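Colleague: Pasting a structure here, questions to come.
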Amino acid sequence: MKYKYKVNGLDCANCTQKLEDSLNKKEEINDCVISFATGMMTFESEYDIDDHELLSFMQSIEDEVTIENLLSNITHHEYHEEHKHDHEHHHDHECGCHHEHKLHDECGCHHEHDQNCCGHYHEHVEDHRELANAIKYNIAGLDCANCASKVETEIKKQSYIEDAVVNFSTQKLMVKAKNDPQLLDKLQAIVDSVEEGVTLSKEDDKKEYSKPKLFNLKENIELVEGIIIFIGAHLFTGGFSTFLYLFAYLLIGYKVILKAIKNIGRKDFLDENFLMCLATFGAIALGDYNEAIAVMLFYAIGEIFQGYAVNKTRSSISSLMDIKSEYATIVKDEQMIQVTPEEVNVGDTIVVKVGEKVPLDGKVIKGNSMLDTASLTGESVPRCVEVGDEVLSGVVNLNDILYIEVTKHYADSTVSRIIDLVENSASKKAKIEKFITRFAKVYTPTVVGLAILLLIVPMIILPNQSFYIWLYRACTFLVVSCPCALVISVPLGLYAGIGKASALGVLVKGGNYLELLKDIDTVVFDKTGTLTKGEFEVVETSNDDLLEIGAYGEYMSNHPIARSIVKAYGKEIDSSRIEDFKEIAGKGLAVVIDHQHYYLGNEKYFKELNLSVLQPKKIGTIVHIACGDQYLGYIVVADVIKESTIPGIQDLKKAHVKQTVMLTGDHSIVANDIAKRTGIDQVYSDLLPQDKVSQLENLMSDEHVVAFVGDGINDAPVLARSDIGIAMGGVGSDVAIEAADVVLMSDDITAIAKAIDISHYTNFILKENVTFTLIIKIGVLILTLFGLTNMWMGVFADVGVTLIAICNSMRILYKKS
């Protein structure tokens with residue numbers, strides 16, 4: 001069984017890696033991956049995992065984390081509060097959780113035995129009913145369902161409110177009331193009187209991502225107090241001054257000290273907290289209080305900036321993926337009701353107004369409009385849709401109301417699959433990411449060992465050395481050694497690259513695939529639906545008058561070639577003119593039109609009729625036409641090359657792809673013609689699906705890094721076998737998309753070169769980060785060895801370099817394509 005959680009409270013990539021390693025050591029957990037960039041945790045288990053036990057174990061390693069079970073919507077914020085205060089009195093409840101026997105700080109409710117936040121014994125059962133013709137608002141800041149109940153009860157008490165429902169799950173408030181311009185302000189005042197920090201907004205307000213705050217006074221009050229006391233300590237002398245210095249040190253650095261102590265208890269202490277404590281304790285032992293406090297202060301400020309930079313990067317990536325509609329408007333009993341996309345069923349009719357995102361995949365049954373598909377495909381040109389056209393979720397309706405019949409549940413919709421792909425992409429780690437993880441495990445203990453040697457060896461081999469001087473140098477050495485800049489910037493850079501690719505309509509399923517894209521030297525294409533449209537069109541006629549005869553002759557046939565000839569004719573067919581229609585399998589047909597006998601078919605059929613034929617200039621499927629024993633001419637029907645194919649092949653060659661190959665089941669004459677016109681280097685034709693796999697393996701055996709691009713069900717085996725499988729996402733089958741490593745949402749092969757370019761740029765940025773970080777750290781370590789640095793420079797080599805590396809990673813998001 002697969003488990004998926006959102007992990008909150010991850011503030012360090014190194015700590016995230018330790019948490020992941022610890023979970024993977026548990027017998028009941030397999031393949032656990034935690035992404036620091038996204039906060040997503042996935043793993044598999046044959047057992048039923050108890051979320052409370054899982055959280056308890058995780059908090060024994062990182063005590064500030066909380067988890068949300070994304071597959072069952074169970075949240076555990078309250079459970080986290082229990083473990084944060086183990087010294088306080090807890091009351092055992094039947095649900096298995098320990099709740100503090102006091103008022104909850106946030107909601108002000110007494111969480112008794114029958115009214116708690118675990119979700120087991122709620123007295124309040126959340127109301128999911130819809131109010132017809134209700135005024136709807138977003139409601140943000142609710143901490144528990146009980147708080148939602150209190151808000152709802154208070155609103156219902158008002159004389160001007162007929163009814164009200166607060167849906168805690170969807171964060172919606174619905175009220176039935178007379179239209180009043182001041183209604184929102186009145187409701188906000190009621191909410192403020194019940195729950196502080198809860199805000200209302202109009203439901204149709206554009207969603208805005210909350211901007212990360214650089215500094216939160218409430219969260220950092222101890223730091224501010226410590227700075228004030230540190231400044232005040234300079235006004236005094238003697239023992240009281242020393243007391244103030246130590247007090248300021250504890251206020252500023254107590255979080256670091258507590259983490260270090262807990263890590264020592266877990267016998268896993270070689271991290272930045274332990275190193276900072278050891279270094280500053282050394283400074284205090286030397287009597288240099290200013291240095292110890294200043295270093296801890298610089299480190300704390302650096303952590304604030306670092307956290308801001310990480311959240312800024314996450315927010316930027318999240319805004320790129322703002323493709324999900326928060327609601328869907330369904331038509332039911334001639335009324336329009338807004339519900340969450342997850343509540344809509346296949347076959348329901350939804351209404352999409354101008355400016356709204358299409359919430360689910362479906363088919364247009366009324367209306368025509370232009371759609372902005374940039375969020376899915378990266379294309380800036382809007383697409384026109386009318387009745388009968390398929391519409392994908394995530395696109396924006398631009399200029400007219402559309403009625404759409406839903407064809408897929410939300411879980412199977414394009415939006416859901418895209419979000420899932422991007423969120424899970426961080427679980428497949430690139431080689432450089434795996435290397436940095438292994439490197440960090442060796443690097444920190446090595447530097448700690450060198451710091452100890454730096455303290456001891458000079459005292460032994462050099463005469464008249466001061467123990468205090470070498471202790472100071474050793475402490476500075478320790479401050480430098482934290483590998484955070486490497487551990488944070490690499491996964492964050494890869495995720496930024498994946499986010500940038502998704503904004504261009506290219507979904508990359510993992511950091512490993514993004515890294516591998518730059519190494520592609522051979523791109524193999526399927527033909528139909530990839531290089532060509534997969535739709536037959538008339539490309540040549542020997543005589544313009546033949547199109548009418550061909551259309552009437554083929555009118556009774558359902559063959560794709562017949563349909564294309566009728567479509568090319570473009571006029572209404574008078575079926576009364578057609579008589580005695582007869583198909584001859586594999587050859588052609590005989591038909592009577594206007595009382596005359598006509599024959600339409602291939603060259604083999606006409607040889608049997610003892611009729612000579614002309615050969616066309618263009619290559620394709622040839623339909624010869626004769627009236628009685630007189631040959632009239634031919635119509636050539638061919639699969640048309642996509643507009644993006646030729647520029648796409650050219651862009652690949654500019655991206656240093658050495659060879660392009662086409663594998664197809666089509667006849668060699670047609671295949672070679674397509675290859676010649678598109679610039680494909682090699683062609684293998686007349687292939688069955690299993691032959692495609694064999695031919696691909698031959699190409700891969702020559703030590704090429706091979707990408708295969710396809711769209712159909714029969715391409716799935718080849719997509720899975722190639723080094724990089726690239727599927728056409730718009731028209732591609734679900735099977736092909738699942739088997740692929742990269743999905744092109746625009747069905748445009750020019751996007752492949754863009755993805756390769758992003759891969760090169762991302763790899764360049766990552767190497768830049770690693771090189772810069774190591775040069776600075778090694779440089780400061782060498783300078784420290786000769787006493788040319790102080791602890792301030794050591795903190796910069798840790799926190800400052802990390803901040804620079806994170807900001808450098810953000811350049812990927814703003815790269816011009």
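Residue numbering restarts at 1 for every chain of the structure tokens, chains are lettered A, B, ... in their displayed order, and ligands are numbered from 1 as they appear.
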If DSSP is run on the backbone, what residues of region 480-719 of chain A are strand (DSSP E)? A reply as a PyMOL selection string would be ideal.
Modeller: chain A and resi 506-508+522-526+532-541+578-584+588-593+596-601+621-627+630-641+659-663+682-684+706-710
Colleague: Write the residues you've just listed into a file as a tab-separated table (two decimals), in the first residue's frame, and include C-alpha atoms for each of them.
Modeller:
```tsv
chain	number	residue	atom	x	y	z
A	506	VAL	CA	6.93	19.74	-20.09
A	507	LEU	CA	6.27	17.47	-17.12
A	508	VAL	CA	9.45	15.80	-15.87
A	522	THR	CA	19.79	10.15	-29.86
A	523	VAL	CA	16.07	10.90	-30.12
A	524	VAL	CA	13.84	8.18	-31.56
A	525	PHE	CA	10.35	9.06	-32.82
A	526	ASP	CA	7.22	7.12	-33.54
A	532	THR	CA	2.40	13.50	-38.17
A	533	LYS	CA	-1.14	14.46	-37.17
A	534	GLY	CA	-2.49	10.93	-37.51
A	535	GLU	CA	-5.23	12.35	-39.72
A	536	PHE	CA	-5.44	11.62	-43.45
A	537	GLU	CA	-5.81	14.51	-45.86
A	538	VAL	CA	-6.00	14.76	-49.64
A	539	VAL	CA	-2.58	16.02	-50.78
A	540	GLU	CA	-2.83	15.57	-54.59
A	541	THR	CA	-5.41	14.94	-57.35
A	578	ILE	CA	-25.40	6.38	-55.27
A	579	GLU	CA	-26.37	2.77	-56.09
A	580	ASP	CA	-24.94	-0.75	-55.80
A	581	PHE	CA	-22.05	0.09	-53.42
A	582	LYS	CA	-19.67	-2.87	-52.95
A	583	GLU	CA	-16.33	-3.03	-51.09
A	584	ILE	CA	-13.57	-5.43	-52.16
A	588	GLY	CA	-11.05	-1.01	-53.28
A	589	LEU	CA	-14.70	-0.70	-54.20
A	590	ALA	CA	-17.23	-0.69	-57.03
A	591	VAL	CA	-20.14	1.73	-57.09
A	592	VAL	CA	-22.81	3.11	-59.40
A	593	ILE	CA	-23.03	6.92	-59.47
A	596	GLN	CA	-22.56	4.84	-64.34
A	597	HIS	CA	-20.18	2.16	-63.02
A	598	TYR	CA	-17.10	3.47	-61.18
A	599	TYR	CA	-14.13	1.65	-59.67
A	600	LEU	CA	-11.96	3.10	-56.88
A	601	GLY	CA	-8.96	1.29	-55.39
A	621	THR	CA	-2.05	6.19	-50.19
A	622	ILE	CA	-3.19	6.31	-53.83
A	623	VAL	CA	-6.86	5.90	-54.77
A	624	HIS	CA	-7.13	5.24	-58.51
A	625	ILE	CA	-10.49	5.97	-60.19
A	626	ALA	CA	-12.01	4.52	-63.37
A	627	CYS	CA	-15.41	4.80	-65.10
A	630	GLN	CA	-11.73	4.17	-68.86
A	631	TYR	CA	-9.02	5.27	-66.37
A	632	LEU	CA	-9.80	8.76	-65.05
A	633	GLY	CA	-6.93	9.48	-62.67
A	634	TYR	CA	-5.99	9.33	-58.98
A	635	ILE	CA	-6.37	10.95	-55.56
A	636	VAL	CA	-3.42	10.84	-53.10
A	637	VAL	CA	-4.23	10.75	-49.40
A	638	ALA	CA	-1.47	11.10	-46.81
A	639	ASP	CA	-0.91	11.60	-43.11
A	640	VAL	CA	0.03	15.30	-42.78
A	641	ILE	CA	3.22	16.35	-41.02
A	659	GLN	CA	21.05	11.69	-34.47
A	660	THR	CA	17.28	11.52	-34.91
A	661	VAL	CA	15.60	8.21	-35.76
A	662	MET	CA	12.08	7.22	-36.83
A	663	LEU	CA	10.55	3.84	-36.00
A	682	GLN	CA	17.62	7.31	-39.89
A	683	VAL	CA	14.42	5.36	-40.67
A	684	TYR	CA	13.28	1.87	-39.69
A	706	VAL	CA	18.37	7.36	-26.13
A	707	ALA	CA	15.03	9.15	-25.76
A	708	PHE	CA	11.93	7.70	-27.38
A	709	VAL	CA	8.99	9.96	-28.27
A	710	GLY	CA	5.57	8.37	-28.82
```
Colleague: Between CA of Ala177 (chain A) and CA of Ile161 (chain A), what distance in Å does the model show, to one decimal?
Modeller: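 Spanning CA of Ala177 (chain A) to CA of Ile161 (chain A) is a straight-line distance of 5.0 Å.
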Colleague: Can you list, as a PDB file with N, CA and C atoms, in the first residue's frame, every protein, DNA or RNA residue that comes within 7 Å of region 294-298 of chain A when you count only C-alpha atoms, leaving out same-chain residues fewer than 3 positions away?
Modeller:
```pdb
ATOM      1  N   ILE A 252      19.181  33.925  22.708  1.00  0.00           N
ATOM      2  CA  ILE A 252      19.430  33.917  21.270  1.00  0.00           C
ATOM      3  C   ILE A 252      19.636  32.494  20.742  1.00  0.00           C
ATOM      4  N   GLY A 253      20.297  31.661  21.532  1.00  0.00           N
ATOM      5  CA  GLY A 253      20.696  30.356  21.004  1.00  0.00           C
ATOM      6  C   GLY A 253      20.053  29.150  21.658  1.00  0.00           C
ATOM      7  N   ASN A 290      31.417  38.254  23.798  1.00  0.00           N
ATOM      8  CA  ASN A 290      30.956  38.990  22.625  1.00  0.00           C
ATOM      9  C   ASN A 290      31.002  38.121  21.368  1.00  0.00           C
ATOM     10  N   GLU A 291      32.105  37.386  21.221  1.00  0.00           N
ATOM     11  CA  GLU A 291      32.271  36.527  20.039  1.00  0.00           C
ATOM     12  C   GLU A 291      31.222  35.427  20.015  1.00  0.00           C
ATOM     13  N   ILE A 301      20.206  35.018  12.550  1.00  0.00           N
ATOM     14  CA  ILE A 301      19.740  35.921  11.493  1.00  0.00           C
ATOM     15  C   ILE A 301      19.895  35.253  10.126  1.00  0.00           C
ATOM     16  N   GLY A 302      21.018  34.565   9.946  1.00  0.00           N
ATOM     17  CA  GLY A 302      21.233  33.843   8.691  1.00  0.00           C
ATOM     18  C   GLY A 302      20.182  32.783   8.458  1.00  0.00           C
ATOM     19  N   MET A 791      35.312  33.625  13.919  1.00  0.00           N
ATOM     20  CA  MET A 791      34.061  32.859  13.852  1.00  0.00           C
ATOM     21  C   MET A 791      33.015  33.514  12.964  1.00  0.00           C
ATOM     22  N   TRP A 792      33.099  34.831  12.853  1.00  0.00           N
ATOM     23  CA  TRP A 792      32.137  35.505  11.987  1.00  0.00           C
ATOM     24  C   TRP A 792      32.275  35.011  10.547  1.00  0.00           C
ATOM     25  N   VAL A 795      30.779  31.588  10.233  1.00  0.00           N
ATOM     26  CA  VAL A 795      29.313  31.576  10.083  1.00  0.00           C
ATOM     27  C   VAL A 795      28.924  31.960   8.664  1.00  0.00           C
TER      28      VAL A 795
END
```
Colleague: With only C-alpha atoms as the counted atoms, please give the residues lying no more than 8 Å from Gly9 (chain A), apart from itself and same-chain residues fewer than 4 positions off, as a list of chain:residue names.
Modeller: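 Skipping anything fewer than 4 positions along the chain leaves A:Glu64, A:Val65, A:Thr66.
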